[in-house]
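Structure below is coords-v3.txt: compact mmCIF, N, CA and C atoms and all ligand atoms.
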# COMPACT_ATOMS: atom_id res chain seq x y z
N MET B 171 27.04 68.85 15.64
CA MET B 171 26.83 69.06 14.20
C MET B 171 26.70 67.72 13.50
N PRO B 172 25.66 67.53 12.68
CA PRO B 172 25.54 66.23 12.01
C PRO B 172 26.66 66.03 10.99
N LYS B 173 27.09 64.78 10.91
CA LYS B 173 28.17 64.47 9.97
C LYS B 173 27.65 64.57 8.54
N ILE B 174 28.39 65.24 7.69
CA ILE B 174 27.96 65.34 6.29
C ILE B 174 28.22 64.00 5.61
N LYS B 175 27.17 63.48 5.01
CA LYS B 175 27.31 62.17 4.38
C LYS B 175 27.77 62.32 2.94
N ASN B 176 28.98 61.95 2.73
CA ASN B 176 29.50 61.99 1.37
C ASN B 176 30.15 60.65 1.02
N PRO B 177 29.55 59.91 0.08
CA PRO B 177 30.10 58.60 -0.25
C PRO B 177 31.51 58.71 -0.84
N LEU B 178 31.80 59.85 -1.46
CA LEU B 178 33.12 60.00 -2.08
C LEU B 178 34.22 60.04 -1.02
N SER B 179 33.89 60.59 0.14
CA SER B 179 34.92 60.61 1.18
C SER B 179 35.14 59.21 1.76
N LEU B 180 34.10 58.37 1.74
CA LEU B 180 34.28 56.97 2.16
C LEU B 180 35.20 56.23 1.18
N ILE B 181 34.96 56.48 -0.10
CA ILE B 181 35.78 55.83 -1.13
C ILE B 181 37.23 56.32 -1.05
N LYS B 182 37.35 57.62 -0.82
CA LYS B 182 38.70 58.20 -0.72
C LYS B 182 39.46 57.67 0.49
N LYS B 183 38.73 57.40 1.56
CA LYS B 183 39.34 56.83 2.75
C LYS B 183 39.96 55.46 2.43
N ASP B 184 39.23 54.66 1.68
CA ASP B 184 39.76 53.37 1.22
C ASP B 184 41.02 53.56 0.38
N HIS B 185 40.96 54.51 -0.54
CA HIS B 185 42.11 54.77 -1.40
C HIS B 185 43.34 55.11 -0.55
N ASN B 186 43.14 55.97 0.44
CA ASN B 186 44.27 56.38 1.27
C ASN B 186 44.80 55.23 2.10
N LYS B 187 43.90 54.37 2.53
CA LYS B 187 44.33 53.22 3.32
C LYS B 187 45.22 52.30 2.47
N VAL B 188 44.78 52.06 1.23
CA VAL B 188 45.57 51.19 0.35
C VAL B 188 46.93 51.83 0.03
N LYS B 189 46.92 53.13 -0.21
CA LYS B 189 48.19 53.82 -0.48
C LYS B 189 49.16 53.66 0.70
N SER B 190 48.64 53.79 1.91
CA SER B 190 49.55 53.69 3.06
C SER B 190 50.02 52.24 3.26
N LEU B 191 49.19 51.26 2.88
CA LEU B 191 49.64 49.86 2.95
C LEU B 191 50.80 49.62 1.97
N PHE B 192 50.69 50.20 0.78
CA PHE B 192 51.79 50.06 -0.19
C PHE B 192 53.07 50.70 0.36
N GLU B 193 52.93 51.84 1.01
CA GLU B 193 54.11 52.50 1.59
C GLU B 193 54.74 51.65 2.68
N ARG B 194 53.90 51.06 3.53
CA ARG B 194 54.43 50.19 4.58
C ARG B 194 55.12 48.98 3.99
N TYR B 195 54.53 48.45 2.92
CA TYR B 195 55.12 47.29 2.26
C TYR B 195 56.57 47.58 1.87
N ASP B 196 56.78 48.76 1.27
CA ASP B 196 58.11 49.13 0.79
C ASP B 196 59.16 49.15 1.90
N LYS B 197 58.71 49.42 3.12
CA LYS B 197 59.66 49.55 4.23
C LYS B 197 59.78 48.27 5.05
N SER B 198 59.09 47.19 4.63
CA SER B 198 59.02 46.01 5.50
C SER B 198 59.94 44.89 5.06
N LYS B 199 60.15 43.97 6.01
CA LYS B 199 60.91 42.76 5.71
C LYS B 199 59.96 41.71 5.10
N TYR B 200 60.57 40.65 4.54
CA TYR B 200 59.79 39.68 3.75
C TYR B 200 58.56 39.10 4.47
N GLU B 201 58.76 38.65 5.72
CA GLU B 201 57.61 38.06 6.44
C GLU B 201 56.45 39.05 6.54
N LYS B 202 56.79 40.29 6.88
CA LYS B 202 55.78 41.34 7.02
C LYS B 202 55.19 41.68 5.64
N LYS B 203 56.02 41.66 4.62
CA LYS B 203 55.53 41.93 3.26
C LYS B 203 54.44 40.93 2.88
N LYS B 204 54.66 39.67 3.27
CA LYS B 204 53.66 38.65 2.93
C LYS B 204 52.32 38.95 3.60
N SER B 205 52.36 39.33 4.87
CA SER B 205 51.07 39.61 5.51
C SER B 205 50.47 40.92 4.98
N LEU B 206 51.33 41.88 4.67
CA LEU B 206 50.79 43.13 4.09
C LEU B 206 50.18 42.88 2.71
N SER B 207 50.77 41.99 1.94
CA SER B 207 50.20 41.72 0.62
C SER B 207 48.82 41.08 0.75
N GLU B 208 48.64 40.28 1.81
CA GLU B 208 47.30 39.72 2.05
C GLU B 208 46.31 40.80 2.47
N GLU B 209 46.82 41.72 3.27
CA GLU B 209 45.95 42.81 3.72
C GLU B 209 45.55 43.71 2.53
N ILE B 210 46.52 44.00 1.68
CA ILE B 210 46.25 44.81 0.47
C ILE B 210 45.20 44.11 -0.39
N SER B 211 45.37 42.82 -0.54
CA SER B 211 44.45 42.05 -1.36
C SER B 211 43.02 42.10 -0.81
N LYS B 212 42.92 41.95 0.51
CA LYS B 212 41.60 41.98 1.14
C LYS B 212 40.95 43.35 0.98
N GLU B 213 41.73 44.38 1.25
CA GLU B 213 41.21 45.76 1.11
C GLU B 213 40.75 46.06 -0.31
N LEU B 214 41.60 45.70 -1.27
CA LEU B 214 41.26 46.01 -2.66
C LEU B 214 40.04 45.23 -3.13
N SER B 215 39.95 43.99 -2.69
CA SER B 215 38.82 43.16 -3.14
C SER B 215 37.49 43.73 -2.67
N ILE B 216 37.41 44.06 -1.39
CA ILE B 216 36.15 44.59 -0.89
C ILE B 216 35.88 45.98 -1.47
N HIS B 217 36.93 46.75 -1.65
CA HIS B 217 36.77 48.09 -2.24
C HIS B 217 36.24 48.00 -3.68
N MET B 218 36.82 47.11 -4.46
CA MET B 218 36.38 46.99 -5.86
C MET B 218 34.95 46.51 -5.94
N ARG B 219 34.60 45.56 -5.05
CA ARG B 219 33.21 45.08 -5.05
C ARG B 219 32.23 46.19 -4.67
N THR B 220 32.64 47.00 -3.69
CA THR B 220 31.78 48.12 -3.30
C THR B 220 31.51 49.03 -4.49
N GLU B 221 32.57 49.37 -5.19
CA GLU B 221 32.40 50.28 -6.33
C GLU B 221 31.60 49.63 -7.45
N GLU B 222 31.90 48.38 -7.72
CA GLU B 222 31.23 47.72 -8.85
C GLU B 222 29.74 47.49 -8.57
N GLU B 223 29.44 47.19 -7.31
CA GLU B 223 28.03 46.87 -7.01
C GLU B 223 27.20 48.09 -6.66
N LEU B 224 27.84 49.09 -6.05
CA LEU B 224 27.02 50.21 -5.56
C LEU B 224 27.26 51.53 -6.26
N PHE B 225 28.50 51.78 -6.66
CA PHE B 225 28.83 53.12 -7.15
C PHE B 225 28.77 53.21 -8.68
N TYR B 226 29.52 52.36 -9.35
CA TYR B 226 29.58 52.46 -10.82
C TYR B 226 28.21 52.33 -11.51
N PRO B 227 27.35 51.40 -11.08
CA PRO B 227 26.08 51.25 -11.80
C PRO B 227 25.27 52.54 -11.88
N ARG B 228 25.44 53.40 -10.87
CA ARG B 228 24.67 54.65 -10.87
C ARG B 228 25.19 55.67 -11.87
N LEU B 229 26.41 55.41 -12.35
CA LEU B 229 26.98 56.35 -13.32
C LEU B 229 26.89 55.82 -14.75
N GLU B 230 26.33 54.63 -14.87
CA GLU B 230 26.21 54.07 -16.21
C GLU B 230 24.93 54.52 -16.88
N GLY B 231 25.03 54.80 -18.17
CA GLY B 231 23.84 55.14 -18.93
C GLY B 231 23.31 56.55 -18.69
N ILE B 232 24.10 57.40 -18.04
CA ILE B 232 23.58 58.76 -17.82
C ILE B 232 24.16 59.80 -18.77
N SER B 233 25.34 59.51 -19.31
CA SER B 233 25.85 60.36 -20.39
C SER B 233 26.98 59.61 -21.08
N GLY B 234 27.28 59.98 -22.31
CA GLY B 234 28.30 59.28 -23.09
C GLY B 234 29.63 59.22 -22.39
N GLU B 235 30.01 60.32 -21.79
CA GLU B 235 31.33 60.41 -21.16
C GLU B 235 31.46 59.46 -19.97
N SER B 236 30.39 59.36 -19.19
CA SER B 236 30.51 58.54 -17.98
C SER B 236 30.62 57.05 -18.34
N ASP B 237 29.92 56.62 -19.39
CA ASP B 237 30.02 55.21 -19.78
C ASP B 237 31.45 54.81 -20.12
N SER B 238 32.16 55.67 -20.84
CA SER B 238 33.52 55.28 -21.20
C SER B 238 34.45 55.32 -19.99
N LEU B 239 34.24 56.27 -19.07
CA LEU B 239 35.04 56.30 -17.85
C LEU B 239 34.82 55.06 -17.00
N ILE B 240 33.55 54.66 -16.88
CA ILE B 240 33.23 53.50 -16.05
C ILE B 240 33.75 52.21 -16.70
N SER B 241 33.65 52.14 -18.02
CA SER B 241 34.14 50.89 -18.62
C SER B 241 35.66 50.80 -18.51
N GLU B 242 36.35 51.93 -18.57
CA GLU B 242 37.80 51.91 -18.36
C GLU B 242 38.12 51.51 -16.91
N ALA B 243 37.37 52.07 -15.97
CA ALA B 243 37.60 51.75 -14.56
C ALA B 243 37.38 50.26 -14.29
N LYS B 244 36.36 49.68 -14.92
CA LYS B 244 36.09 48.26 -14.72
C LYS B 244 37.21 47.40 -15.30
N GLN B 245 37.73 47.83 -16.46
CA GLN B 245 38.85 47.08 -17.04
C GLN B 245 40.06 47.13 -16.11
N GLU B 246 40.27 48.28 -15.48
CA GLU B 246 41.39 48.39 -14.54
C GLU B 246 41.16 47.50 -13.31
N HIS B 247 39.93 47.40 -12.86
CA HIS B 247 39.62 46.47 -11.77
C HIS B 247 39.93 45.04 -12.18
N ASP B 248 39.52 44.67 -13.40
CA ASP B 248 39.76 43.31 -13.87
C ASP B 248 41.26 42.99 -13.90
N LYS B 249 42.02 43.98 -14.36
CA LYS B 249 43.48 43.80 -14.40
C LYS B 249 44.02 43.62 -12.98
N THR B 250 43.51 44.42 -12.06
CA THR B 250 43.95 44.32 -10.67
C THR B 250 43.60 42.94 -10.09
N LYS B 251 42.42 42.42 -10.43
CA LYS B 251 42.03 41.10 -9.93
C LYS B 251 42.98 40.01 -10.45
N GLU B 252 43.35 40.11 -11.73
CA GLU B 252 44.33 39.15 -12.28
C GLU B 252 45.63 39.24 -11.51
N ARG B 253 46.06 40.47 -11.24
CA ARG B 253 47.33 40.65 -10.53
C ARG B 253 47.25 40.11 -9.11
N LEU B 254 46.08 40.27 -8.48
CA LEU B 254 45.91 39.74 -7.12
C LEU B 254 46.06 38.22 -7.11
N GLU B 255 45.55 37.58 -8.14
CA GLU B 255 45.69 36.12 -8.24
C GLU B 255 47.17 35.74 -8.37
N ALA B 256 47.90 36.47 -9.20
CA ALA B 256 49.33 36.18 -9.41
C ALA B 256 50.11 36.41 -8.11
N ILE B 257 49.73 37.43 -7.36
CA ILE B 257 50.44 37.76 -6.12
C ILE B 257 50.33 36.63 -5.10
N LYS B 258 49.16 36.00 -5.06
CA LYS B 258 48.94 34.88 -4.11
C LYS B 258 49.96 33.76 -4.29
N ILE B 259 50.42 33.57 -5.52
CA ILE B 259 51.33 32.44 -5.77
C ILE B 259 52.77 32.90 -6.05
N SER B 260 53.10 34.10 -5.55
CA SER B 260 54.48 34.56 -5.70
C SER B 260 55.36 33.78 -4.74
N GLY B 261 56.34 33.04 -5.28
CA GLY B 261 57.09 32.11 -4.44
C GLY B 261 58.27 32.70 -3.68
N ASP B 262 58.75 33.87 -4.06
CA ASP B 262 59.89 34.44 -3.34
C ASP B 262 59.76 35.97 -3.27
N GLU B 263 60.66 36.56 -2.50
CA GLU B 263 60.54 37.99 -2.23
C GLU B 263 60.66 38.84 -3.51
N GLU B 264 61.59 38.46 -4.35
CA GLU B 264 61.81 39.24 -5.57
C GLU B 264 60.56 39.25 -6.46
N THR B 265 59.95 38.08 -6.59
CA THR B 265 58.74 37.98 -7.41
C THR B 265 57.60 38.77 -6.78
N LEU B 266 57.46 38.62 -5.46
CA LEU B 266 56.40 39.34 -4.76
C LEU B 266 56.59 40.85 -4.93
N ASP B 267 57.82 41.32 -4.73
CA ASP B 267 58.12 42.76 -4.89
C ASP B 267 57.73 43.25 -6.28
N MET B 268 58.11 42.47 -7.27
CA MET B 268 57.86 42.87 -8.65
C MET B 268 56.35 42.95 -8.93
N ARG B 269 55.63 41.94 -8.45
CA ARG B 269 54.18 41.91 -8.70
C ARG B 269 53.44 42.97 -7.91
N ILE B 270 53.89 43.21 -6.68
CA ILE B 270 53.25 44.26 -5.87
C ILE B 270 53.48 45.62 -6.53
N LYS B 271 54.71 45.83 -7.00
CA LYS B 271 55.05 47.12 -7.62
C LYS B 271 54.19 47.36 -8.87
N GLU B 272 54.07 46.31 -9.66
CA GLU B 272 53.28 46.42 -10.88
C GLU B 272 51.81 46.75 -10.54
N MET B 273 51.31 46.06 -9.52
CA MET B 273 49.93 46.31 -9.13
C MET B 273 49.78 47.71 -8.54
N GLU B 274 50.75 48.11 -7.73
CA GLU B 274 50.71 49.46 -7.13
C GLU B 274 50.63 50.53 -8.22
N ASP B 275 51.46 50.41 -9.24
CA ASP B 275 51.43 51.40 -10.33
C ASP B 275 50.04 51.48 -10.96
N GLY B 276 49.47 50.32 -11.23
CA GLY B 276 48.13 50.28 -11.83
C GLY B 276 47.08 50.87 -10.91
N VAL B 277 47.16 50.51 -9.63
CA VAL B 277 46.16 50.98 -8.66
C VAL B 277 46.27 52.49 -8.45
N LEU B 278 47.51 53.00 -8.39
CA LEU B 278 47.67 54.44 -8.19
C LEU B 278 47.12 55.23 -9.38
N HIS B 279 47.36 54.70 -10.56
CA HIS B 279 46.81 55.33 -11.76
C HIS B 279 45.27 55.32 -11.70
N HIS B 280 44.73 54.18 -11.33
CA HIS B 280 43.27 54.03 -11.24
C HIS B 280 42.67 55.01 -10.21
N ILE B 281 43.32 55.12 -9.06
CA ILE B 281 42.84 56.02 -8.01
C ILE B 281 42.83 57.46 -8.51
N GLN B 282 43.89 57.83 -9.21
CA GLN B 282 43.99 59.18 -9.73
C GLN B 282 42.88 59.49 -10.74
N GLU B 283 42.67 58.55 -11.65
CA GLU B 283 41.62 58.72 -12.65
C GLU B 283 40.26 58.85 -11.98
N GLU B 284 40.06 57.98 -10.97
CA GLU B 284 38.77 57.96 -10.31
C GLU B 284 38.52 59.28 -9.56
N GLU B 285 39.54 59.71 -8.82
CA GLU B 285 39.35 60.93 -8.03
C GLU B 285 39.27 62.17 -8.91
N ASN B 286 40.01 62.16 -10.03
CA ASN B 286 40.03 63.36 -10.88
C ASN B 286 38.91 63.41 -11.91
N LYS B 287 38.43 62.25 -12.34
CA LYS B 287 37.42 62.26 -13.40
C LYS B 287 36.05 61.73 -12.96
N ILE B 288 36.07 60.62 -12.19
CA ILE B 288 34.79 60.02 -11.83
C ILE B 288 34.14 60.76 -10.65
N PHE B 289 34.95 61.20 -9.69
CA PHE B 289 34.38 61.93 -8.56
C PHE B 289 33.64 63.21 -8.99
N PRO B 290 34.26 64.04 -9.85
CA PRO B 290 33.53 65.25 -10.27
C PRO B 290 32.22 64.93 -10.99
N LEU B 291 32.23 63.84 -11.73
CA LEU B 291 31.02 63.42 -12.42
C LEU B 291 29.93 63.02 -11.42
N ALA B 292 30.36 62.30 -10.38
CA ALA B 292 29.41 61.89 -9.34
C ALA B 292 28.87 63.12 -8.60
N GLU B 293 29.74 64.08 -8.33
CA GLU B 293 29.31 65.33 -7.68
C GLU B 293 28.20 65.99 -8.51
N GLU B 294 28.39 65.93 -9.82
CA GLU B 294 27.46 66.59 -10.71
C GLU B 294 26.14 65.82 -10.87
N LYS B 295 26.25 64.49 -10.97
CA LYS B 295 25.07 63.69 -11.34
C LYS B 295 24.37 62.99 -10.19
N LEU B 296 25.10 62.73 -9.10
CA LEU B 296 24.51 61.86 -8.06
C LEU B 296 24.27 62.55 -6.73
N LYS B 297 24.50 63.84 -6.71
CA LYS B 297 24.45 64.56 -5.43
C LYS B 297 23.21 64.23 -4.60
N ASP B 298 22.05 64.15 -5.24
CA ASP B 298 20.82 63.89 -4.47
C ASP B 298 20.78 62.47 -3.90
N GLN B 299 21.64 61.59 -4.40
CA GLN B 299 21.66 60.22 -3.89
C GLN B 299 22.74 60.02 -2.81
N PHE B 300 23.53 61.06 -2.54
CA PHE B 300 24.68 60.90 -1.65
C PHE B 300 24.36 60.34 -0.26
N PRO B 301 23.35 60.87 0.46
CA PRO B 301 23.10 60.34 1.81
C PRO B 301 22.77 58.84 1.78
N GLU B 302 21.91 58.47 0.84
CA GLU B 302 21.49 57.07 0.75
C GLU B 302 22.66 56.18 0.30
N LEU B 303 23.46 56.67 -0.65
CA LEU B 303 24.61 55.91 -1.13
C LEU B 303 25.66 55.73 -0.03
N SER B 304 25.84 56.74 0.78
CA SER B 304 26.78 56.64 1.91
C SER B 304 26.37 55.52 2.87
N GLU B 305 25.07 55.49 3.18
CA GLU B 305 24.54 54.46 4.07
C GLU B 305 24.82 53.08 3.48
N LYS B 306 24.51 52.94 2.20
CA LYS B 306 24.68 51.64 1.54
C LYS B 306 26.14 51.21 1.57
N ILE B 307 27.03 52.13 1.25
CA ILE B 307 28.46 51.81 1.22
C ILE B 307 28.94 51.41 2.62
N SER B 308 28.53 52.17 3.63
CA SER B 308 28.94 51.84 5.00
C SER B 308 28.48 50.45 5.41
N SER B 309 27.23 50.12 5.14
CA SER B 309 26.77 48.81 5.60
C SER B 309 27.33 47.68 4.75
N PHE B 310 27.55 47.93 3.49
CA PHE B 310 28.18 46.92 2.62
C PHE B 310 29.58 46.59 3.13
N LYS B 311 30.32 47.62 3.49
CA LYS B 311 31.68 47.41 3.97
C LYS B 311 31.69 46.69 5.32
N LYS B 312 30.73 47.04 6.16
CA LYS B 312 30.65 46.37 7.47
C LYS B 312 30.36 44.88 7.29
N ALA B 313 29.44 44.60 6.38
CA ALA B 313 29.07 43.19 6.14
C ALA B 313 30.20 42.40 5.52
N GLY B 314 31.00 43.08 4.70
CA GLY B 314 32.04 42.38 3.97
C GLY B 314 33.33 42.20 4.72
N SER B 315 33.52 42.93 5.80
CA SER B 315 34.82 42.85 6.49
C SER B 315 34.78 41.98 7.73
FE FE W 401 38.28 53.22 -6.10

What does this structure look like when you write it as structure tokens?
Amino acid sequence: MPKIKNPLSLIKKDHNKVKSLFERYDKSKYEKKKSLSEEISKELSIHMRTEEELFYPRLEGISGESDSLISEAKQEHDKTKERLEAIKISGDEETLDMRIKEMEDGVLHHIQEEENKIFPLAEEKLKDQFPELSEKISSFKKAGS
């Protein structure tokens, strides 16, 4: 049976991966936390670039509602990028924990908004582009990792 190409499931896979990294972080010791924070940073960076370059532009300018959702999502990405910079220079465990937690809260909120509001919009407006968008997302991620 041919695999159904759905770009939203690729995006959701990334979301789930990041969520599980945050969970592992909570259970880890400091040395491991440091490497997990780097892994989280790498995952989020490539994920955000994928969405900003390939996914969001297709939802811009198609209806009033989608523009405001996308601009909110982009602001949340910008906030996450600032937090990623701060995380890189966290000098001790307590600071790292605090910054990771703050970022996790923001990212979880963002994921929820995206899956509950942006995904249904994409289902409605971009369905005919799904196979091609899936291909693009897959190769973008391969090139970036
Ligand atoms: Fe996302």

Dump as a tab-separated table the rows for residues of stretch 279-315 of chain B within 12 Å of stretch 247-264 of chain B: closest atom pair and distance in Å with one decimal, only C-alpha atoms counted, ordered by chain and rising residue number.
residue	atom	partner	partner_atom	distance
B:His279	CA	B:His247	CA	11.4
B:His280	CA	B:His247	CA	8.4
B:Ile281	CA	B:His247	CA	10.8
B:Glu284	CA	B:His247	CA	11.6

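What separates atom N of B:Lys306 from atom C of B:Ser215 is a distance of 16.6 Å.
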
Set the cut-off to 8 Å, count only N, CA and C atoms and all ligand atoms, and list whatever residues fall near ligand FE 401 (chain W) as a PyMOL selection string. chain B and resi 181-182+184-185+217-218+221+280-282+284-285

Keeping only N, CA and C atoms, take the residues you just selected and write them out as a short mmCIF file (atom, residue, chain, number, x, y, z; two decimals), in the frame of the given file.
data_model
loop_
_atom_site.label_atom_id
_atom_site.label_comp_id
_atom_site.auth_asym_id
_atom_site.auth_seq_id
_atom_site.Cartn_x
_atom_site.Cartn_y
_atom_site.Cartn_z
N ILE B 181 34.96 56.48 -0.10
CA ILE B 181 35.78 55.83 -1.13
C ILE B 181 37.23 56.32 -1.05
N LYS B 182 37.35 57.62 -0.82
CA LYS B 182 38.70 58.20 -0.72
C LYS B 182 39.46 57.67 0.49
N ASP B 184 39.23 54.66 1.68
CA ASP B 184 39.76 53.37 1.22
C ASP B 184 41.02 53.56 0.38
N HIS B 185 40.96 54.51 -0.54
CA HIS B 185 42.11 54.77 -1.40
C HIS B 185 43.34 55.11 -0.55
N HIS B 217 36.93 46.75 -1.65
CA HIS B 217 36.77 48.09 -2.24
C HIS B 217 36.24 48.00 -3.68
N MET B 218 36.82 47.11 -4.46
CA MET B 218 36.38 46.99 -5.86
C MET B 218 34.95 46.51 -5.94
N GLU B 221 32.57 49.37 -5.19
CA GLU B 221 32.40 50.28 -6.33
C GLU B 221 31.60 49.63 -7.45
N HIS B 280 44.73 54.18 -11.33
CA HIS B 280 43.27 54.03 -11.24
C HIS B 280 42.67 55.01 -10.21
N ILE B 281 43.32 55.12 -9.06
CA ILE B 281 42.84 56.02 -8.01
C ILE B 281 42.83 57.46 -8.51
N GLN B 282 43.89 57.83 -9.21
CA GLN B 282 43.99 59.18 -9.73
C GLN B 282 42.88 59.49 -10.74
N GLU B 284 40.06 57.98 -10.97
CA GLU B 284 38.77 57.96 -10.31
C GLU B 284 38.52 59.28 -9.56
N GLU B 285 39.54 59.71 -8.82
CA GLU B 285 39.35 60.93 -8.03
C GLU B 285 39.27 62.17 -8.91
#

Between B:Ser304, B:Val188, B:Leu178, B:Gln245, which residue has the minimum interatomic distance to B:Glu213, considering only N, CA and C atoms? B:Val188

Would you compute an axis-aligned box for stretch 304-312 of chain B, covering every atom listed for it in the file with 6 Å of margin on each side, and report centre and edge lengths in Å to one decimal as JSON?
{"center_x": 28.1, "center_y": 50.8, "center_z": 4.1, "size_x": 19.2, "size_y": 23.9, "size_z": 18.7}

Using only C-alpha atoms: which of B:Leu180, B:Leu291, B:Val277, B:Ile210 has the shortest distance to B:Gly234: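 Ranking B:Leu180, B:Leu291, B:Val277, B:Ile210 by distance to B:Gly234, first place goes to B:Leu291.
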
For stretch 206-276 of chain B versus stretch 307-314 of chain B, which residues have an atom no more than 10 Å away, and what is each residue's nearest atom pair and distance in Å rounded to one decimal, using only C-alpha atoms, chain-then-number order, as a tab-separated table?
residue	atom	partner	partner_atom	distance
B:Lys212	CA	B:Gly314	CA	10.0
B:Ser215	CA	B:Gly314	CA	9.9
B:Ile216	CA	B:Gly314	CA	6.7
B:His217	CA	B:Lys311	CA	8.1
B:Arg219	CA	B:Phe310	CA	9.4
B:Thr220	CA	B:Ile307	CA	6.7
B:Glu221	CA	B:Ile307	CA	8.7
B:Glu223	CA	B:Ile307	CA	9.6
B:Leu224	CA	B:Ile307	CA	7.1
B:Phe225	CA	B:Ile307	CA	8.5

From stretch 196-257 of chain B, collect each residue whose DSSP state is alpha helix (DSSP H) and return the set as number ranges by chain. B: 196, 200-220, 226-229, 234-257

In Å to one decimal, how far is atom CA of B:Arg228 from atom CA of B:Leu278?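 Calculated distance between atom CA of B:Leu278 and atom CA of B:Arg228 is 23.2 Å.
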
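Among the candidate residues B:Glu201, B:Lys175, B:Ala243, B:Leu229, the one lying nearest to B:Glu305 is B:Lys175, with distances computed using only C-alpha atoms.
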
Rounded to one decimal, what separation in Å do you get between atom CA of B:Lys287 and atom CA of B:Glu209?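 Computing it gives 27.3 Å between the two atoms.
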